[in-house]
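Undergrad: Dropping in data31.tsv, with TSV, C-alpha atoms.
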```
chain	number	residue	atom	x	y	z
A	16	MET	CA	34.53	-5.83	51.43
A	17	PRO	CA	35.50	-2.23	52.29
A	18	MET	CA	32.56	-0.54	50.55
A	19	ARG	CA	34.14	2.92	50.56
A	20	ASP	CA	37.15	1.65	48.59
A	21	PHE	CA	34.89	-0.27	46.21
A	22	VAL	CA	32.87	2.86	45.44
A	23	ALA	CA	36.02	4.99	45.08
A	24	ALA	CA	37.38	2.44	42.61
A	25	HIS	CA	34.44	3.03	40.27
A	26	ILE	CA	33.58	6.72	40.64
A	27	GLY	CA	36.15	9.21	39.36
A	28	PHE	CA	39.00	6.76	39.83
A	29	THR	CA	40.76	7.23	36.48
A	30	GLY	CA	40.99	11.01	36.79
A	31	ARG	CA	42.32	10.80	40.35
A	32	PHE	CA	44.80	8.12	39.30
A	33	ASN	CA	46.18	10.16	36.38
A	34	ARG	CA	46.51	13.31	38.46
A	35	ALA	CA	48.21	11.38	41.26
A	36	VAL	CA	50.87	9.95	38.93
A	37	ARG	CA	51.82	13.41	37.67
A	38	ARG	CA	51.86	14.88	41.18
A	39	LEU	CA	53.95	12.06	42.69
A	40	ASP	CA	56.42	12.28	39.83
A	41	ARG	CA	57.06	15.88	40.88
A	42	GLU	CA	56.68	15.69	44.65
A	43	GLY	CA	57.19	12.07	45.73
A	44	GLY	CA	55.14	10.28	48.39
A	45	PRO	CA	52.25	7.77	48.10
A	46	ALA	CA	48.76	7.96	46.56
A	47	ILE	CA	45.79	5.77	45.55
A	48	LEU	CA	44.95	3.12	48.13
A	49	ALA	CA	46.00	-0.37	47.04
A	50	ALA	CA	42.50	-1.71	47.68
A	51	GLN	CA	40.98	0.84	45.31
A	52	ALA	CA	43.42	-0.06	42.53
A	53	HIS	CA	42.72	-3.76	43.11
A	54	PHE	CA	38.95	-3.21	42.79
A	55	HIS	CA	39.33	-0.98	39.73
A	56	PHE	CA	41.88	-2.92	37.66
A	57	GLY	CA	41.10	-6.45	38.93
A	58	GLU	CA	42.63	-9.35	37.01
A	59	GLN	CA	44.25	-6.96	34.53
A	60	LEU	CA	47.02	-6.57	37.12
A	61	VAL	CA	47.96	-10.27	36.90
A	62	ILE	CA	50.60	-11.17	34.31
A	63	PRO	CA	52.93	-14.13	33.72
A	64	ILE	CA	56.64	-13.35	34.02
A	65	ALA	CA	59.96	-15.15	33.76
A	66	THR	CA	60.93	-16.10	37.32
A	67	GLY	CA	64.44	-14.86	36.66
A	68	HIS	CA	63.15	-11.27	36.69
A	69	LEU	CA	62.61	-11.50	40.45
A	70	THR	CA	65.95	-11.16	42.19
A	71	THR	CA	65.11	-8.44	44.72
A	72	ARG	CA	62.38	-7.55	47.18
A	73	LEU	CA	61.01	-4.39	48.75
A	74	ARG	CA	61.31	-4.14	52.50
A	75	ASP	CA	58.03	-3.45	54.25
A	76	ASN	CA	58.71	0.06	55.57
A	77	ILE	CA	60.13	3.22	54.03
A	78	SER	CA	61.35	6.47	55.56
A	79	ASP	CA	59.24	9.23	54.00
A	80	ARG	CA	59.71	12.86	55.04
A	81	GLY	CA	61.21	11.77	58.35
A	82	ARG	CA	58.46	9.27	59.17
A	83	LEU	CA	58.41	5.49	58.80
A	84	ARG	CA	55.45	4.11	56.85
A	85	TRP	CA	54.38	0.71	55.57
A	86	ILE	CA	54.78	0.74	51.81
A	87	GLY	CA	51.96	-1.73	51.14
A	88	THR	CA	49.13	0.74	51.81
A	89	HIS	CA	49.14	2.50	48.43
A	90	PHE	CA	49.31	1.49	44.77
A	91	LEU	CA	51.36	4.47	43.57
A	92	ASP	CA	54.56	5.79	45.09
A	93	GLY	CA	57.07	8.42	44.03
A	94	SER	CA	59.63	7.97	46.81
A	95	ASP	CA	63.26	6.90	46.60
A	96	TRP	CA	63.29	3.12	46.99
A	97	SER	CA	67.05	2.67	46.85
A	98	ARG	CA	67.36	1.95	50.57
A	99	ILE	CA	64.53	-0.57	50.74
A	100	VAL	CA	65.34	-2.78	47.74
A	101	GLU	CA	67.49	-5.75	48.70
A	102	PRO	CA	68.30	-9.26	47.39
A	103	LEU	CA	65.72	-11.98	47.94
A	104	GLU	CA	68.31	-13.85	49.97
A	105	LYS	CA	67.97	-11.23	52.72
A	106	SER	CA	64.47	-12.56	53.46
A	107	SER	CA	64.20	-15.14	56.27
A	108	SER	CA	61.26	-16.74	54.46
A	109	HIS	CA	63.35	-17.12	51.30
A	110	THR	CA	66.19	-18.71	53.26
A	111	GLU	CA	63.81	-21.15	54.97
A	112	ILE	CA	62.35	-22.39	51.68
A	113	VAL	CA	65.73	-22.75	49.98
A	114	GLU	CA	67.00	-24.74	52.95
A	115	LEU	CA	63.91	-26.98	52.89
A	116	ILE	CA	64.39	-27.73	49.21
A	117	GLU	CA	67.98	-28.70	49.92
A	118	THR	CA	67.21	-30.84	52.99
A	119	ARG	CA	63.62	-32.10	52.34
A	120	GLN	CA	62.66	-34.70	54.98
A	121	ASP	CA	66.03	-34.16	56.68
A	122	PHE	CA	65.00	-30.56	57.48
A	123	ARG	CA	66.06	-30.95	61.12
A	124	ALA	CA	69.67	-30.95	59.90
A	125	GLY	CA	69.30	-27.50	58.32
A	126	ALA	CA	71.02	-24.47	59.85
A	127	ARG	CA	67.82	-22.40	60.00
A	128	TYR	CA	65.86	-25.19	61.71
A	129	GLN	CA	68.64	-25.80	64.22
A	130	ALA	CA	68.91	-22.10	65.06
A	131	TYR	CA	65.17	-21.96	65.77
A	132	ALA	CA	65.34	-25.18	67.80
A	133	ARG	CA	68.13	-23.81	70.00
A	134	ARG	CA	66.12	-20.69	70.74
A	135	ILE	CA	63.06	-22.74	71.70
A	136	LYS	CA	65.11	-25.06	73.94
A	137	ASP	CA	66.52	-21.96	75.64
A	138	GLY	CA	62.97	-20.89	76.50
A	139	ALA	CA	62.47	-18.32	73.73
A	140	THR	CA	59.55	-18.10	71.32
A	141	VAL	CA	60.11	-18.00	67.56
A	142	LYS	CA	57.65	-15.76	65.67
A	143	ARG	CA	56.91	-16.89	62.11
A	144	ASN	CA	53.83	-15.98	60.05
A	145	ARG	CA	52.59	-13.98	63.05
A	146	ILE	CA	52.37	-17.27	64.95
A	147	ALA	CA	54.26	-18.04	68.16
A	148	ILE	CA	56.30	-21.25	67.90
A	149	ASP	CA	57.32	-22.34	71.40
A	150	THR	CA	57.72	-26.13	71.11
A	151	ILE	CA	59.77	-28.41	68.90
A	152	GLU	CA	56.56	-30.13	67.78
A	153	LYS	CA	55.21	-26.81	66.49
A	154	LEU	CA	58.53	-26.09	64.81
A	155	ASP	CA	58.44	-29.45	63.03
A	156	ASN	CA	54.87	-28.79	61.90
A	157	PHE	CA	55.88	-25.37	60.59
A	158	PHE	CA	58.59	-26.86	58.39
A	159	GLU	CA	56.35	-29.76	57.30
A	160	TYR	CA	53.70	-27.25	56.23
A	161	TYR	CA	56.14	-25.67	53.81
A	162	LEU	CA	57.34	-29.05	52.64
A	163	ALA	CA	53.74	-29.57	51.49
A	164	LEU	CA	53.86	-26.22	49.67
A	165	ILE	CA	57.11	-27.18	47.94
A	166	ALA	CA	55.72	-30.57	46.89
A	167	ASP	CA	52.62	-28.95	45.41
A	168	ILE	CA	54.62	-26.33	43.51
A	169	GLU	CA	57.05	-28.95	42.27
A	170	LYS	CA	54.10	-30.92	40.87
A	171	ASN	CA	51.79	-28.14	39.66
A	172	GLY	CA	53.96	-25.03	39.36
A	173	ILE	CA	52.67	-21.73	40.74
A	174	VAL	CA	48.91	-21.80	40.24
A	175	PRO	CA	47.19	-18.45	39.56
A	176	HIS	CA	45.04	-17.54	42.53
A	177	SER	CA	41.98	-17.19	40.29
A	178	ASP	CA	42.31	-20.89	39.39
A	179	LEU	CA	42.56	-22.15	42.96
A	180	GLY	CA	38.97	-21.62	44.07
A	181	LEU	CA	38.77	-22.84	47.65
A	182	ARG	CA	41.83	-25.05	47.31
A	183	GLY	CA	45.11	-23.72	48.63
A	184	GLN	CA	48.44	-24.95	47.29
A	185	THR	CA	49.32	-26.34	50.71
A	186	GLY	CA	46.17	-28.36	51.35
A	187	ARG	CA	44.80	-28.54	54.88
A	188	ARG	CA	47.80	-29.87	56.80
A	189	HIS	CA	49.15	-27.93	59.78
A	190	ARG	CA	46.68	-25.08	59.33
A	191	TRP	CA	47.71	-23.51	62.63
A	192	THR	CA	50.96	-22.31	61.01
A	193	ARG	CA	49.01	-19.51	59.29
A	194	THR	CA	46.31	-17.25	60.66
A	195	LEU	CA	42.81	-17.37	59.17
A	196	TRP	CA	43.31	-13.77	58.04
A	197	GLN	CA	46.40	-14.79	56.05
A	198	ASP	CA	44.42	-17.50	54.26
A	199	LEU	CA	41.55	-15.13	53.46
A	200	ALA	CA	43.92	-12.38	52.27
A	201	GLU	CA	46.07	-14.67	50.12
A	202	ARG	CA	46.54	-13.46	46.56
A	203	ASP	CA	48.92	-13.96	43.68
A	204	ILE	CA	52.61	-13.25	44.22
A	205	GLY	CA	52.87	-9.49	44.63
A	206	VAL	CA	55.37	-7.37	42.72
A	207	ALA	CA	56.20	-3.70	42.41
A	208	ILE	CA	57.42	-1.87	39.30
A	209	ASP	CA	60.36	0.30	40.32
A	210	ALA	CA	61.45	3.64	38.88
A	211	GLU	CA	63.46	1.89	36.13
A	212	GLY	CA	60.67	-0.52	35.15
A	213	ARG	CA	62.16	-3.51	36.98
A	214	LEU	CA	59.99	-5.97	38.90
A	215	VAL	CA	60.57	-6.31	42.63
A	216	ARG	CA	58.79	-8.80	44.92
A	217	HIS	CA	56.36	-6.98	47.19
A	218	THR	CA	53.94	-8.18	49.93
A	219	ASN	CA	52.26	-11.53	49.13
A	220	GLY	CA	54.04	-14.64	47.93
A	221	LYS	CA	57.48	-14.66	49.52
A	222	HIS	CA	57.42	-18.43	50.14
A	223	ARG	CA	56.03	-19.22	46.68
A	224	THR	CA	58.60	-16.96	45.05
A	225	ALA	CA	61.42	-18.65	46.94
A	226	ALA	CA	60.17	-22.10	45.93
A	227	ALA	CA	59.84	-21.11	42.26
A	228	VAL	CA	63.36	-19.67	42.21
A	229	ALA	CA	64.96	-22.60	44.04
A	230	LEU	CA	63.08	-25.24	42.00
A	231	GLY	CA	63.98	-23.58	38.70
A	232	ILE	CA	60.36	-22.93	37.64
A	233	GLU	CA	60.64	-20.75	34.56
A	234	ARG	CA	57.39	-18.76	34.63
A	235	ILE	CA	55.06	-17.62	37.39
A	236	PRO	CA	51.91	-15.46	37.60
A	237	VAL	CA	52.33	-12.24	39.56
A	238	GLU	CA	50.07	-9.35	40.51
A	239	ILE	CA	51.19	-5.74	40.19
A	240	ARG	CA	50.66	-4.33	43.68
A	241	LEU	CA	52.71	-1.13	43.57
A	242	VAL	CA	53.91	1.14	40.75
A	243	HIS	CA	56.56	3.83	40.89
A	244	ALA	CA	55.09	7.06	39.58
A	245	GLY	CA	58.34	8.10	37.89
A	246	TRP	CA	58.34	5.02	35.66
A	247	LEU	CA	54.63	5.28	34.86
A	248	SER	CA	54.88	8.97	34.02
A	249	ARG	CA	57.67	8.29	31.53
A	250	GLN	CA	55.80	5.28	30.12
A	251	ALA	CA	52.68	7.36	29.57
A	252	GLU	CA	54.68	10.03	27.76
A	253	ARG	CA	56.44	7.45	25.60
A	254	LEU	CA	53.17	5.77	24.59
A	255	GLY	CA	51.21	9.00	24.22
A	256	LEU	CA	48.57	7.80	26.68
A	257	SER	CA	47.23	8.77	30.06
A	258	PRO	CA	49.01	7.05	32.99
A	259	ALA	CA	46.11	4.64	33.63
A	260	ALA	CA	45.83	3.71	29.96
A	261	ALA	CA	49.61	3.37	29.67
A	262	LEU	CA	49.70	0.97	32.61
A	263	LEU	CA	47.01	-1.26	31.13
A	264	ALA	CA	48.57	-1.16	27.64
A	265	THR	CA	51.96	-2.13	29.08
A	266	LEU	CA	50.50	-5.03	31.08
A	267	GLU	CA	48.54	-6.27	28.07
A	268	GLU	CA	51.72	-6.22	25.97
A	269	ALA	CA	53.57	-8.05	28.75
A	270	ARG	CA	51.00	-10.85	28.67
A	271	THR	CA	51.94	-11.41	25.02
A	272	THR	CA	55.65	-10.65	24.83
A	273	GLY	CA	56.78	-10.96	28.44
A	274	TRP	CA	58.31	-8.44	30.79
A	275	PRO	CA	59.82	-5.95	30.27
A	276	ALA	CA	57.16	-4.92	27.81
A	277	PRO	CA	58.27	-2.46	25.10
```
As structure tokens - that is how I would like this structure written.
TA:
Amino acid sequence: MPMRDFVAAHIGFTGRFNRAVRRLDREGGPAILAAQAHFHFGEQLVIPIATGHLTTRLRDNISDRGRLRWIGTHFLDGSDWSRIVEPLEKSSSHTEIVELIETRQDFRAGARYQAYARRIKDGATVKRNRIAIDTIEKLDNFFEYYLALIADIEKNGIVPHSDLGLRGQTGRRHRWTRTLWQDLAERDIGVAIDAEGRLVRHTNGKHRTAAAVALGIERIPVEIRLVHAGWLSRQAERLGLSPAAALLATLEEARTTGWPAP
């Protein structure tokens, strides 16, 4: 556990958070480390939503004041996201899962599988999940791993991470297809709240999101991982609350009435 972030999440956090929202609404840019927000708000950030609300994703990097930065570092952001929001279908991971659901055990007939297989046979290495896939056997195992994920989701739905304990939704098959760090860092499906109050997939859960969408699962648990300061500033003004209190009040309402919360 990063002790510095844990301490910062409990000493003076609310005041810094409220000031950051107002500043970012005026000036743009990022603030409040994501780890600190996670430690401070905890499970209050997890809400159930209708799967149909997730039709877009945030790309990983944003151009900010002439520099490229990873957008997953901070919990608050006041930048223009218009160039980094794109349809879920633009994600390779999303395409892989949709193809698997269509082909199932005949996955070797799928266009994505065949494209990877051709590259491997030509001597190239396919990088997926930060793992190098350089043989057809490894490629088969990679696709079979996600077949196990699909089967679990089809049977159990998307299980909140807090309910999983030490059990992952994919079991223990083909563990080499993910790094140990990825398993340890796994959390609920991540989403961002954009400047208009829409939900956008962000960081964790791209495969689970794709499976839920393609299987027609109606509701899924998600974790708020990033919030646009412009939306939160307006929400706080509308509710007559501080930004931190407005965020929690909105999420609590969403747990009862669904998103978008009034």
Undergrad: Which residues, written as a PyMOL selection string, have at least one atom at most 9 Å from His243 (chain A), with all atoms listed in the file counted and residues fewer than 3 positions away on the same chain left out?
TA: chain A and resi 36+39-40+90-94+207-212+246-248
Undergrad: Give the answer as one residue: which of A:Pro102, A:Pro258, A:Gly30, A:Pro45 has the shortest atom-to-atom distance to Thr88 (chain A), using all atoms listed in the file?
TA: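 Once distances to Thr88 (chain A) are computed over all atoms listed in the file, the minimum belongs to A:Pro45.
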Undergrad: What is the distance, in Å and to one decimal place, between CA of Tyr160 (chain A) and CA of Ala139 (chain A)?
TA: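 Taking CA of Tyr160 (chain A) as the start and CA of Ala139 (chain A) as the end point, the length is 21.5 Å.
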Undergrad: Using all atoms listed in the file, which of A:Arg74, A:Ala35, A:Asp155, A:Arg119 sits nearest Ile135 (chain A)?
TA: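 Looking at the shortest contact to Ile135 (chain A), the residue is A:Asp155.
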Undergrad: Using all atoms listed in the file, find the one residue out of A:Lys142, A:Lys221, A:Arg249, A:His176 that sits nearest to Ile62 (chain A).
TA: A:His176
Undergrad: To one decimal place, how far is CA of Leu256 (chain A) from CA of His68 (chain A) in Å?
TA: 26.0 Å
Undergrad: What's the separation between CA of Arg41 (chain A) and CA of His53 (chain A), in Å to one decimal place?
TA: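 That distance, rounded to one decimal, is 24.4 Å.
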Undergrad: Which residues, written as number ranges by chain, have at least one atom at most 10 Å from Ile168 (chain A), with only C-alpha atoms counted and residues fewer than 3 positions away on the same chain left out?
TA: A: 162-165, 171-174, 184-185, 223, 226-227, 230, 232
Undergrad: For Ala50 (chain A), please output as a PyMOL selection string all residues within 12 Å (counting only C-alpha atoms; exclusion window: fewer than 6 positions along the same chain).
TA: chain A and resi 16-25+56-57+87-91+200+240-241
Undergrad: Looking at all atoms listed in the file, which of A:Arg133, A:Gly27, A:Leu69, A:Glu114 is the one that sits closest to Pro275 (chain A)?
TA: A:Leu69
Undergrad: So which residues touch Glu268 (chain A) within 12 Å, counting all atoms listed in the file, skipping near sequence neighbours fewer than 5 positions away, as a ChimeraX atom specification?
TA: /A:59,62-64,261-263,273-277
Undergrad: Of the candidates A:Leu214, A:Ala65, A:Val206, A:Ala260, which shows the shortest atom-to-atom distance to Val237 (chain A), using all atoms listed in the file?
TA: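 Counting all atoms listed in the file, the residue closest to Val237 (chain A) is A:Val206.
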Undergrad: Could you name the residues that touch Arg127 (chain A) at 10 Å or less, counting only C-alpha atoms, but leaving out those on the same chain fewer than 4 positions away, as a VMD selection string?
TA: chain A and resid 107 110 to 112 114 to 115 122 to 123 131 to 132
